[in-house]
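Everything below concerns the one structure shown next.
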Amino acid sequence: MQDWQALVEKSEFYMYCKNLTTGAAIARNETARLETASVIKLPILLAVLDKVQRRELSLRQSVHVRRADVGKHGSGVMKYFYLHQSFELYNLLVLMTSVSDNVATNAIIRLIGRNTVNQFMQSLGFSQTELTAEKLDFPAGFSLESSPGVGLTTPKEMATLVERLMNGELLDQANTKIAMKLLQQVQASSFQSRLPRRKIKKFGSKTGGLFDDTKPLKVMNDAGYIIDADGNRYVFTLFSTLPIDRRYRQLDLDADITFSKVAARLFHDLSSVEK
């Protein structure tokens, strides 16, 4: 495999990955404050579960989903649903984490409020992480330089957030288990695609992506955890800004391949370090 350091020199990569068993870490631009894209749904998920454990919300409560929750350029499947009806909060969380559904996410943001997410993160000491949008929607002609995004964070804060989740420092045991399980339902993780399947026991993450139509560039982000077959635990954040062919956009897989190669090499290097 091509050395991952050579790959990252060709594009913009930002990362913080850590082997929790050995303490070894690989970092690159880990304190840069970046657009999250849908990775911001991880803090949203945890903020909801925090309110559940405080008995301020119930996962079985009904949430009315409105046509206004659909953005002009939303992702996911709910934009095709018959709306103006109620769905259980847990089901909305599943859609938000597994297929990154923006309609489900917007209904959840409307339920708890953007400030609740930000105050939750601030209370944990994550001062660089912020949900900046009241509604998730990327307009046509989106530009990283001039268009409002949906959230901001640093690779180190996201990886540390996952580490604290795994260590049971954010939620009680029941809600920690729910969060870990929901993250395992991710349907499209390029970070996962080239990992050695026989060595991976559990994988969970929240992905995020968007296109800068003015460059053109593809933002690919992923933050999550790995438990290998030997029980070793890892957390990772890998954010990137990769060039694409404007003619193909969604069908240009070169960025995905590069991202997955870097991810596989990172896991190899971290898993090879002795205690």
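FYI, nothing fancy with the structure tokens labels: chains A, B, ... in order, residues from 1 per chain, ligands from 1 as they appear.
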Exercise for review: Could you please write out, as a VMD selection string, every residue of segment 14-205 of chain A that DSSP assigns to helix (DSSP H, G or I)?
Suggested key: chain A and resid 37 to 53 67 to 69 78 to 80 89 to 98 102 to 112 114 to 123 155 to 166 173 to 183 190 to 193 197 to 199
Determine, for each residue of segment 63-159 of chain A having at least one atom at most 12 Å from an atom of segment 216-220 of chain A, the closest pair of atoms and their separation in Å to one decimal, counting only C-alpha atoms; order by chain and ascending number, as CSV.
residue,atom,partner,partner_atom,distance
A:Gly141,CA,A:Pro216,CA,10.1
A:Phe142,CA,A:Pro216,CA,10.1
A:Ser143,CA,A:Pro216,CA,9.1
A:Leu144,CA,A:Val219,CA,9.3
A:Glu145,CA,A:Leu217,CA,11.8
A:Gly149,CA,A:Val219,CA,11.8
Dump as CSV the rows for residues of segment 46-69 of chain A within 12 Å of segment 173-197 of chain A: closest atom pair and distance in Å with one decimal, only C-alpha atoms counted, ordered by chain and rising residue number.
residue,atom,partner,partner_atom,distance
A:Leu46,CA,A:Ala179,CA,7.2
A:Ala47,CA,A:Ala179,CA,10.7
A:Val48,CA,A:Asn175,CA,10.0
A:Leu49,CA,A:Asn175,CA,6.2
A:Asp50,CA,A:Asn175,CA,8.0
A:Lys51,CA,A:Asn175,CA,10.2
A:Val52,CA,A:Asn175,CA,8.1
A:Gln53,CA,A:Asn175,CA,7.0
A:Arg54,CA,A:Asn175,CA,10.7
A:Arg55,CA,A:Asn175,CA,11.7
A:Ser58,CA,A:Asn175,CA,11.6
A:Leu59,CA,A:Asn175,CA,10.5
Could you turn the residues from that selection into a file that holds N, CA and C atoms, as a PDB file, in the first residue's frame?
ATOM      1  N   LEU A  46     -25.547  12.773  21.237  1.00  0.00           N
ATOM      2  CA  LEU A  46     -25.171  12.694  22.646  1.00  0.00           C
ATOM      3  C   LEU A  46     -25.946  13.692  23.498  1.00  0.00           C
ATOM      4  N   ALA A  47     -26.247  14.860  22.928  1.00  0.00           N
ATOM      5  CA  ALA A  47     -27.043  15.846  23.665  1.00  0.00           C
ATOM      6  C   ALA A  47     -28.456  15.318  23.908  1.00  0.00           C
ATOM      7  N   VAL A  48     -29.021  14.632  22.922  1.00  0.00           N
ATOM      8  CA  VAL A  48     -30.346  14.035  23.094  1.00  0.00           C
ATOM      9  C   VAL A  48     -30.309  12.970  24.180  1.00  0.00           C
ATOM     10  N   LEU A  49     -29.315  12.077  24.139  1.00  0.00           N
ATOM     11  CA  LEU A  49     -29.241  10.998  25.124  1.00  0.00           C
ATOM     12  C   LEU A  49     -28.959  11.533  26.522  1.00  0.00           C
ATOM     13  N   ASP A  50     -28.268  12.663  26.611  1.00  0.00           N
ATOM     14  CA  ASP A  50     -28.071  13.300  27.908  1.00  0.00           C
ATOM     15  C   ASP A  50     -29.411  13.737  28.492  1.00  0.00           C
ATOM     16  N   LYS A  51     -30.281  14.279  27.650  1.00  0.00           N
ATOM     17  CA  LYS A  51     -31.605  14.687  28.114  1.00  0.00           C
ATOM     18  C   LYS A  51     -32.480  13.469  28.430  1.00  0.00           C
ATOM     19  N   VAL A  52     -32.258  12.367  27.724  1.00  0.00           N
ATOM     20  CA  VAL A  52     -32.998  11.132  28.012  1.00  0.00           C
ATOM     21  C   VAL A  52     -32.627  10.610  29.395  1.00  0.00           C
ATOM     22  N   GLN A  53     -31.337  10.581  29.707  1.00  0.00           N
ATOM     23  CA  GLN A  53     -30.936  10.059  31.010  1.00  0.00           C
ATOM     24  C   GLN A  53     -31.360  10.988  32.151  1.00  0.00           C
ATOM     25  N   ARG A  54     -31.581  12.261  31.823  1.00  0.00           N
ATOM     26  CA  ARG A  54     -32.098  13.193  32.826  1.00  0.00           C
ATOM     27  C   ARG A  54     -33.628  13.148  32.915  1.00  0.00           C
ATOM     28  N   ARG A  55     -34.228  12.285  32.100  1.00  0.00           N
ATOM     29  CA  ARG A  55     -35.687  12.102  32.045  1.00  0.00           C
ATOM     30  C   ARG A  55     -36.410  13.351  31.553  1.00  0.00           C
ATOM     31  N   SER A  58     -37.948  11.204  26.240  1.00  0.00           N
ATOM     32  CA  SER A  58     -38.066   9.743  26.162  1.00  0.00           C
ATOM     33  C   SER A  58     -37.800   9.310  24.727  1.00  0.00           C
ATOM     34  N   LEU A  59     -37.070   8.221  24.580  1.00  0.00           N
ATOM     35  CA  LEU A  59     -36.795   7.719  23.233  1.00  0.00           C
ATOM     36  C   LEU A  59     -38.061   7.237  22.538  1.00  0.00           C
TER      37      LEU A  59
END
What are the closest atom pairs, with distances in Å to one decimal, for all residues of segment 61-117 of chain A lying within 12 Å of segment 24-43 of chain A? Consider only C-alpha atoms, order rows by chain and residue number, and present the result as JSON lines.
{"residue": "A:Gly74", "atom": "CA", "partner": "A:Ser38", "partner_atom": "CA", "distance": 11.2}
{"residue": "A:Ser75", "atom": "CA", "partner": "A:Ser38", "partner_atom": "CA", "distance": 10.0}
{"residue": "A:Gly76", "atom": "CA", "partner": "A:Ser38", "partner_atom": "CA", "distance": 11.5}
{"residue": "A:Leu92", "atom": "CA", "partner": "A:Lys41", "partner_atom": "CA", "distance": 11.8}
{"residue": "A:Leu93", "atom": "CA", "partner": "A:Lys41", "partner_atom": "CA", "distance": 9.4}
{"residue": "A:Val94", "atom": "CA", "partner": "A:Lys41", "partner_atom": "CA", "distance": 11.2}
{"residue": "A:Leu95", "atom": "CA", "partner": "A:Lys41", "partner_atom": "CA", "distance": 10.9}
{"residue": "A:Met96", "atom": "CA", "partner": "A:Lys41", "partner_atom": "CA", "distance": 7.2}
{"residue": "A:Thr97", "atom": "CA", "partner": "A:Lys41", "partner_atom": "CA", "distance": 7.1}
{"residue": "A:Ser98", "atom": "CA", "partner": "A:Lys41", "partner_atom": "CA", "distance": 10.6}
{"residue": "A:Val99", "atom": "CA", "partner": "A:Ser38", "partner_atom": "CA", "distance": 10.3}
{"residue": "A:Ser100", "atom": "CA", "partner": "A:Ser38", "partner_atom": "CA", "distance": 6.8}
{"residue": "A:Asp101", "atom": "CA", "partner": "A:Ser38", "partner_atom": "CA", "distance": 9.2}
{"residue": "A:Asn102", "atom": "CA", "partner": "A:Ser38", "partner_atom": "CA", "distance": 8.6}
{"residue": "A:Ala104", "atom": "CA", "partner": "A:Lys41", "partner_atom": "CA", "distance": 10.6}
{"residue": "A:Thr105", "atom": "CA", "partner": "A:Lys41", "partner_atom": "CA", "distance": 7.5}
{"residue": "A:Asn106", "atom": "CA", "partner": "A:Lys41", "partner_atom": "CA", "distance": 10.3}
{"residue": "A:Ile108", "atom": "CA", "partner": "A:Lys41", "partner_atom": "CA", "distance": 10.1}
{"residue": "A:Ile109", "atom": "CA", "partner": "A:Lys41", "partner_atom": "CA", "distance": 9.8}
{"residue": "A:Arg114", "atom": "CA", "partner": "A:Pro43", "partner_atom": "CA", "distance": 10.8}
{"residue": "A:Asn115", "atom": "CA", "partner": "A:Pro43", "partner_atom": "CA", "distance": 11.9}
{"residue": "A:Thr116", "atom": "CA", "partner": "A:Pro43", "partner_atom": "CA", "distance": 10.3}
{"residue": "A:Val117", "atom": "CA", "partner": "A:Pro43", "partner_atom": "CA", "distance": 6.7}
Writer output for current selection, C-alpha atoms, as a short mmCIF file (atom, residue, chain, number, x, y, z; two decimals), in the first residue's frame:
data_model
loop_
_atom_site.label_atom_id
_atom_site.label_comp_id
_atom_site.auth_asym_id
_atom_site.auth_seq_id
_atom_site.Cartn_x
_atom_site.Cartn_y
_atom_site.Cartn_z
CA GLY A 74 -31.26 17.59 2.09
CA SER A 75 -29.86 14.10 2.36
CA GLY A 76 -31.41 10.84 3.46
CA LEU A 92 -35.35 9.60 14.13
CA LEU A 93 -32.00 9.03 15.87
CA VAL A 94 -31.51 5.82 13.88
CA LEU A 95 -32.10 7.67 10.61
CA MET A 96 -29.87 10.56 11.65
CA THR A 97 -26.92 8.31 12.48
CA SER A 98 -27.26 5.47 9.96
CA VAL A 99 -28.07 7.31 6.72
CA SER A 100 -27.35 10.84 7.97
CA ASP A 101 -30.92 11.89 7.28
CA ASN A 102 -31.19 15.68 7.42
CA ALA A 104 -34.79 13.59 10.90
CA THR A 105 -31.92 15.74 12.16
CA ASN A 106 -33.81 18.97 11.61
CA ILE A 108 -34.46 16.71 16.40
CA ILE A 109 -32.78 20.13 16.39
CA ARG A 114 -29.40 24.40 18.81
CA ASN A 115 -28.33 26.05 22.06
CA THR A 116 -28.90 22.81 23.96
CA VAL A 117 -26.35 21.02 21.79
#
